[in-house]
$ cat upload-v1.cif   # mmCIF, C-alpha atoms and all ligand atoms
data_start
loop_
_atom_site.group_PDB
_atom_site.id
_atom_site.type_symbol
_atom_site.label_atom_id
_atom_site.label_comp_id
_atom_site.auth_asym_id
_atom_site.auth_seq_id
_atom_site.Cartn_x
_atom_site.Cartn_y
_atom_site.Cartn_z
ATOM 1 C CA MET A 1 41.128 20.800 -20.639
ATOM 2 C CA PHE A 2 42.476 17.889 -18.612
ATOM 3 C CA GLY A 3 39.448 18.060 -16.312
ATOM 4 C CA PHE A 4 37.095 17.996 -19.299
ATOM 5 C CA LEU A 5 38.814 14.902 -20.768
ATOM 6 C CA LYS A 6 38.771 13.215 -17.362
ATOM 7 C CA GLY A 7 35.019 13.844 -17.048
ATOM 8 C CA LEU A 8 34.444 12.615 -20.594
ATOM 9 C CA ALA A 9 36.373 9.415 -19.819
ATOM 10 C CA VAL A 10 34.142 8.773 -16.798
ATOM 11 C CA THR A 11 31.018 9.334 -18.927
ATOM 12 C CA ILE A 12 32.212 7.019 -21.703
ATOM 13 C CA SER A 13 33.210 4.319 -19.199
ATOM 14 C CA GLN A 14 29.603 4.287 -17.893
ATOM 15 C CA LEU A 15 27.947 3.934 -21.324
ATOM 16 C CA PRO A 16 28.113 0.107 -21.613
ATOM 17 C CA LYS A 17 26.968 -0.423 -18.029
ATOM 18 C CA LYS A 18 23.411 -1.408 -17.048
ATOM 19 C CA LYS A 19 21.128 1.613 -16.514
ATOM 20 C CA VAL A 20 20.054 2.196 -12.929
ATOM 21 C CA THR A 21 17.554 4.962 -13.660
ATOM 22 C CA LEU A 22 13.912 4.450 -14.714
ATOM 23 C CA GLN A 23 11.618 6.474 -16.968
ATOM 24 C CA TYR A 24 9.389 7.190 -13.951
ATOM 25 C CA PRO A 25 6.389 7.544 -13.881
ATOM 26 C CA ASP A 26 6.011 5.601 -17.174
ATOM 27 C CA VAL A 27 8.158 2.797 -15.749
ATOM 28 C CA ARG A 28 7.504 2.053 -12.120
ATOM 29 C CA PRO A 29 10.065 0.527 -9.754
ATOM 30 C CA GLN A 30 9.698 -3.076 -8.618
ATOM 31 C CA TRP A 31 9.905 -3.019 -4.843
ATOM 32 C CA PRO A 32 10.880 -5.979 -2.640
ATOM 33 C CA GLU A 33 7.988 -8.026 -1.231
ATOM 34 C CA ARG A 34 8.273 -6.459 2.242
ATOM 35 C CA PHE A 35 8.363 -2.857 0.974
ATOM 36 C CA ARG A 36 6.620 -0.554 3.443
ATOM 37 C CA GLY A 37 4.346 1.658 1.382
ATOM 38 C CA ILE A 38 1.098 3.405 2.227
ATOM 39 C CA HIS A 39 -1.644 1.349 3.860
ATOM 40 C CA GLN A 40 -4.706 -0.502 2.670
ATOM 41 C CA LEU A 41 -7.589 -1.348 4.975
ATOM 42 C CA SER A 42 -10.156 -4.112 4.618
ATOM 43 C CA VAL A 43 -13.206 -2.803 6.483
ATOM 44 C CA GLU A 44 -14.791 -6.284 6.538
ATOM 45 C CA ARG A 45 -11.789 -7.822 8.266
ATOM 46 C CA CYS A 46 -11.361 -5.179 10.956
ATOM 47 C CA ILE A 47 -12.666 -6.272 14.358
ATOM 48 C CA VAL A 48 -12.159 -2.805 15.909
ATOM 49 C CA CYS A 49 -9.681 -4.125 18.486
ATOM 50 C CA GLY A 50 -7.705 -0.875 18.386
ATOM 51 C CA GLN A 51 -4.311 -2.572 18.606
ATOM 52 C CA CYS A 52 -3.004 -0.696 15.572
ATOM 53 C CA ALA A 53 -3.862 2.671 17.143
ATOM 54 C CA ARG A 54 -2.375 1.671 20.502
ATOM 55 C CA ILE A 55 0.981 0.561 19.084
ATOM 56 C CA CYS A 56 1.401 3.476 16.678
ATOM 57 C CA PRO A 57 4.429 5.461 17.879
ATOM 58 C CA THR A 58 3.197 8.711 16.363
ATOM 59 C CA SER A 59 -0.506 8.314 17.278
ATOM 60 C CA CYS A 60 -1.537 8.935 13.700
ATOM 61 C CA ILE A 61 -4.338 6.315 13.642
ATOM 62 C CA SER A 62 -7.780 7.102 14.994
ATOM 63 C CA LEU A 63 -10.755 4.768 14.687
ATOM 64 C CA SER A 64 -14.192 4.121 16.077
ATOM 65 C CA GLY A 65 -16.804 1.409 15.881
ATOM 66 C CA THR A 66 -20.212 0.425 17.192
ATOM 67 C CA ARG A 67 -21.639 -2.890 18.347
ATOM 68 C CA GLY A 68 -24.173 -4.272 15.909
ATOM 69 C CA GLU A 69 -27.228 -6.447 16.493
ATOM 70 C CA ASP A 70 -24.987 -9.483 15.971
ATOM 71 C CA ARG A 71 -23.084 -8.221 19.063
ATOM 72 C CA LYS A 72 -19.931 -7.765 16.978
ATOM 73 C CA LEU A 73 -18.064 -4.485 16.715
ATOM 74 C CA HIS A 74 -18.268 -2.855 13.288
ATOM 75 C CA LEU A 75 -15.890 -0.203 12.064
ATOM 76 C CA ASP A 76 -17.386 3.275 11.596
ATOM 77 C CA THR A 77 -14.355 5.504 11.109
ATOM 78 C CA PHE A 78 -10.674 4.872 10.494
ATOM 79 C CA ASP A 79 -8.242 7.676 9.751
ATOM 80 C CA ILE A 80 -4.496 7.824 9.238
ATOM 81 C CA SER A 81 -2.600 11.086 9.149
ATOM 82 C CA PHE A 82 0.223 10.508 6.686
ATOM 83 C CA GLU A 83 1.605 13.849 7.752
ATOM 84 C CA ILE A 84 3.084 12.097 10.782
ATOM 85 C CA CYS A 85 3.027 8.399 9.837
ATOM 86 C CA ILE A 86 6.593 7.110 9.633
ATOM 87 C CA LEU A 87 5.637 3.920 7.726
ATOM 88 C CA CYS A 88 7.179 1.821 10.488
ATOM 89 C CA ASP A 89 4.856 -1.169 9.849
ATOM 90 C CA LEU A 90 4.064 -1.738 13.547
ATOM 91 C CA CYS A 91 0.310 -1.340 13.024
ATOM 92 C CA THR A 92 0.238 -4.090 10.420
ATOM 93 C CA GLU A 93 2.425 -6.384 12.541
ATOM 94 C CA VAL A 94 -0.031 -6.353 15.457
ATOM 95 C CA CYS A 95 -3.253 -6.528 13.451
ATOM 96 C CA PRO A 96 -4.762 -9.941 14.297
ATOM 97 C CA THR A 97 -6.883 -10.190 11.136
ATOM 98 C CA GLU A 98 -4.531 -8.572 8.591
ATOM 99 C CA ALA A 99 -7.182 -5.931 8.017
ATOM 100 C CA ILE A 100 -4.497 -3.276 7.745
ATOM 101 C CA LYS A 101 -1.548 -3.995 5.484
ATOM 102 C CA MET A 102 1.049 -2.023 3.643
ATOM 103 C CA THR A 103 1.110 -1.730 -0.139
ATOM 104 C CA ASP A 104 3.856 -0.930 -2.625
ATOM 105 C CA GLU A 105 2.420 2.532 -3.244
ATOM 106 C CA PHE A 106 4.501 5.471 -2.148
ATOM 107 C CA GLU A 107 3.156 8.554 -3.926
ATOM 108 C CA LEU A 108 1.623 10.839 -1.320
ATOM 109 C CA ALA A 109 2.817 14.229 -2.515
ATOM 110 C CA ALA A 110 0.110 16.856 -2.045
ATOM 111 C CA TYR A 111 -0.286 20.610 -2.132
ATOM 112 C CA SER A 112 -2.068 20.750 1.195
ATOM 113 C CA ARG A 113 -1.468 19.011 4.521
ATOM 114 C CA ASP A 114 -5.186 18.249 4.717
ATOM 115 C CA GLN A 115 -4.771 15.927 1.741
ATOM 116 C CA LEU A 116 -2.388 13.750 3.790
ATOM 117 C CA TYR A 117 -5.253 12.874 6.124
ATOM 118 C CA LYS A 118 -6.767 9.658 4.703
ATOM 119 C CA ASN A 119 -10.126 8.327 5.841
ATOM 120 C CA ILE A 120 -11.824 4.931 5.866
ATOM 121 C CA GLU A 121 -13.136 5.287 2.299
ATOM 122 C CA TRP A 122 -9.724 6.142 0.887
ATOM 123 C CA LEU A 123 -7.986 3.346 2.794
ATOM 124 C CA HIS A 124 -10.635 0.797 1.793
ATOM 125 C CA GLU A 125 -10.424 1.875 -1.850
ATOM 126 C CA ASN A 126 -6.699 1.246 -1.610
ATOM 127 C CA TYR A 127 -7.514 -2.275 -0.389
ATOM 128 C CA VAL A 128 -9.882 -2.817 -3.321
ATOM 129 C CA ARG A 129 -7.097 -1.757 -5.711
ATOM 130 C CA HIS A 130 -4.513 -4.066 -4.129
ATOM 131 C CA ASP A 131 -5.409 -7.209 -2.120
ATOM 132 C CA GLY A 132 -9.110 -6.911 -2.972
ATOM 133 C CA ALA A 133 -8.329 -7.129 -6.688
ATOM 134 C CA LYS A 134 -5.994 -10.090 -6.089
ATOM 135 C CA GLU A 135 -8.596 -11.911 -3.954
ATOM 136 C CA LEU A 136 -11.279 -11.302 -6.598
ATOM 137 C CA ALA A 137 -8.966 -12.660 -9.288
ATOM 138 C CA GLU A 138 -8.278 -15.744 -7.130
ATOM 139 C CA ALA A 139 -12.010 -16.273 -6.513
ATOM 140 C CA GLU A 140 -12.777 -16.008 -10.212
ATOM 141 C CA ARG A 141 -9.929 -18.237 -11.361
ATOM 142 C CA PRO A 142 -11.642 -21.625 -10.913
ATOM 143 C CA ALA A 143 -14.631 -20.464 -13.024
ATOM 144 C CA ALA A 144 -12.258 -19.224 -15.725
ATOM 145 C CA LEU A 145 -10.403 -22.542 -15.674
ATOM 146 C CA VAL A 146 -13.681 -24.476 -15.945
ATOM 147 C CA GLY A 147 -14.581 -22.338 -18.966
ATOM 148 C CA LYS A 148 -11.223 -23.071 -20.606
ATOM 149 C CA ALA A 149 -11.487 -26.798 -19.847
ATOM 150 C CA GLY A 150 -14.861 -26.947 -21.604
ATOM 151 C CA GLU A 151 -13.604 -25.150 -24.732
ATOM 152 C CA GLY A 152 -11.735 -28.107 -26.153
ATOM 153 C CA ARG A 153 -14.527 -30.645 -25.726
ATOM 154 C CA ASP A 154 -16.815 -29.542 -28.587
HETATM 155 S S1 LIG B 1 3.122 2.633 9.933
HETATM 156 FE FE1 LIG B 1 3.793 3.147 12.043
HETATM 157 S S2 LIG B 1 3.504 5.347 12.202
HETATM 158 FE FE2 LIG B 1 2.328 4.669 10.405
HETATM 159 S S3 LIG B 1 0.258 4.276 11.156
HETATM 160 FE FE3 LIG B 1 1.362 2.341 11.287
HETATM 161 S S4 LIG B 1 2.219 2.262 13.367
HETATM 162 FE FE4 LIG B 1 1.625 4.400 12.965
HETATM 163 S S1 LIG B 2 -5.445 -3.922 14.588
HETATM 164 FE FE1 LIG B 2 -6.486 -4.591 12.715
HETATM 165 S S2 LIG B 2 -8.434 -5.444 13.408
HETATM 166 FE FE2 LIG B 2 -7.609 -4.215 15.109
HETATM 167 S S3 LIG B 2 -8.534 -2.157 14.848
HETATM 168 FE FE3 LIG B 2 -6.556 -2.148 13.793
HETATM 169 S S4 LIG B 2 -7.050 -2.686 11.645
HETATM 170 FE FE4 LIG B 2 -8.809 -3.282 12.910
#
$ encode --input "upload-v1.cif" --output "structure tokens"
Amino acid sequence: MFGFLKGLAVTISQLPKKKVTLQYPDVRPQWPERFRGIHQLSVERCIVCGQCARICPTSCISLSGTRGEDRKLHLDTFDISFEICILCDLCTEVCPTEAIKMTDEFELAAYSRDQLYKNIEWLHENYVRHDGAKELAEAERPAALVGKAGEGRD
């Protein structure tokens, strides 16, 4: 009986305190700016230097490219095996063009190990959802502002 009352006292003492749990997945956590989540890749920015693959401590990045008529290297394939990626951030630190960056996404649970192998399309789509969407919004902002400025003149 004493144990029950003691437990009840602990429960009641916590009631007025701020909640630390979230109604996930309806409410998503707000991560710090430098949170190391799963990667995004901008195919246009990648210069196929291979530094990310060379520095990766688990060798989970593989990529290939070909030289185009403009004599520049263009990315053909880029794969990350999230089965062995330790989200250490080294690949993004060395990338000279910020083509590969980390996002605040963290949900990678899958029923099969094969699904943890992400290719260039998947990684680029992740870019489109994150920085790509932000860059598009930035590019469109001046036009939107011009539209708003003209509204009040009539
Ligand atoms: S985060 Fe680390 S382990 Fe993962 S791909 Fe980049 S360098 Fe490799
Ligand atoms: S370090 Fe950056 S630019 Fe170089 S291959 Fe990797 S993603 Fe591309």
$ resolve_selection --input "upload-v1.cif" --expression "the PyMOL selection byres (((not hetatm)) within 8 of (chain B and resi 2))" --output "PyMOL selection string"
chain A and resi 41-43+45-53+63+75+91-92+94-100
$ closest_atom_pairs --input "upload-v1.cif" --of "chain A" --to "ligand LIG 1 (chain B)" --cutoff "7 Å" --atoms "all atoms listed in the file" --output "JSON lines"
{"residue": "A:Cys52", "atom": "CA", "partner": "B:LIG1", "partner_atom": "S4", "distance": 6.4}
{"residue": "A:Ile55", "atom": "CA", "partner": "B:LIG1", "partner_atom": "S4", "distance": 6.1}
{"residue": "A:Cys56", "atom": "CA", "partner": "B:LIG1", "partner_atom": "S4", "distance": 3.6}
{"residue": "A:Pro57", "atom": "CA", "partner": "B:LIG1", "partner_atom": "S2", "distance": 5.8}
{"residue": "A:Thr58", "atom": "CA", "partner": "B:LIG1", "partner_atom": "S2", "distance": 5.4}
{"residue": "A:Ser59", "atom": "CA", "partner": "B:LIG1", "partner_atom": "FE4", "distance": 6.2}
{"residue": "A:Cys60", "atom": "CA", "partner": "B:LIG1", "partner_atom": "FE4", "distance": 5.6}
{"residue": "A:Ile61", "atom": "CA", "partner": "B:LIG1", "partner_atom": "S3", "distance": 5.6}
{"residue": "A:Ile80", "atom": "CA", "partner": "B:LIG1", "partner_atom": "S3", "distance": 6.2}
{"residue": "A:Ile84", "atom": "CA", "partner": "B:LIG1", "partner_atom": "S2", "distance": 6.9}
{"residue": "A:Cys85", "atom": "CA", "partner": "B:LIG1", "partner_atom": "FE2", "distance": 3.8}
{"residue": "A:Ile86", "atom": "CA", "partner": "B:LIG1", "partner_atom": "S2", "distance": 4.4}
{"residue": "A:Leu87", "atom": "CA", "partner": "B:LIG1", "partner_atom": "S1", "distance": 3.6}
{"residue": "A:Cys88", "atom": "CA", "partner": "B:LIG1", "partner_atom": "FE1", "distance": 4.0}
{"residue": "A:Asp89", "atom": "CA", "partner": "B:LIG1", "partner_atom": "S1", "distance": 4.2}
{"residue": "A:Leu90", "atom": "CA", "partner": "B:LIG1", "partner_atom": "S4", "distance": 4.4}
{"residue": "A:Cys91", "atom": "CA", "partner": "B:LIG1", "partner_atom": "S4", "distance": 4.1}
{"residue": "A:Thr92", "atom": "CA", "partner": "B:LIG1", "partner_atom": "FE3", "distance": 6.6}
$ atom_distance --input "upload-v1.cif" --atom1 "atom CA of Glu121 of chain A" --atom2 "atom CA of Gln40 of chain A"
10.2 Å
$ residues_near_point --input "upload-v1.cif" --point "(-22.4, 2.0, 13.7)" --cutoff "10 Å" --atoms "all atoms listed in the file" --output "list in words"
Ser64, Gly65, Thr66, Arg67, Gly68, Leu73, His74, Leu75, Asp76 and Thr77 of chain A
$ closest_residue --input "upload-v1.cif" --among "A:Glu105, A:Asp79, A:Glu69, A:Glu140" --to "Gln30 of chain A" --atoms "all atoms listed in the file"
A:Glu105
$ atom_distance --input "upload-v1.cif" --atom1 "atom CA of Ala133 of chain A" --atom2 "atom CA of Leu116 of chain A"
24.1 Å
$ residues_around --input "upload-v1.cif" --residues "Asp114 of chain A" --least-positions-apart "2" --cutoff "12 Å" --atoms "only C-alpha atoms" --output "list in words"
Ile80, Ser81, Phe82, Glu83, Ile84, Leu108, Ala109, Ala110, Tyr111, Ser112, Leu116, Tyr117, Lys118 and Asn119 of chain A
$ atom_distance --input "upload-v1.cif" --atom1 "atom CA of Phe35 of chain A" --atom2 "atom CA of Thr103 of chain A"
7.4 Å
$ axis_aligned_box --input "upload-v1.cif" --around "segment 19-27 of chain A" --padding-each-side "3 Å" --output "AutoDock Vina command-line options"
--center_x 13.6 --center_y 4.6 --center_z -15.1 --size_x 21.1 --size_y 11.9 --size_z 10.2
$ closest_residue --input "upload-v1.cif" --among "A:Met1, A:Arg71, A:Asp104, A:Glu125" --to "Pro32 of chain A" --atoms "only C-alpha atoms"
A:Asp104
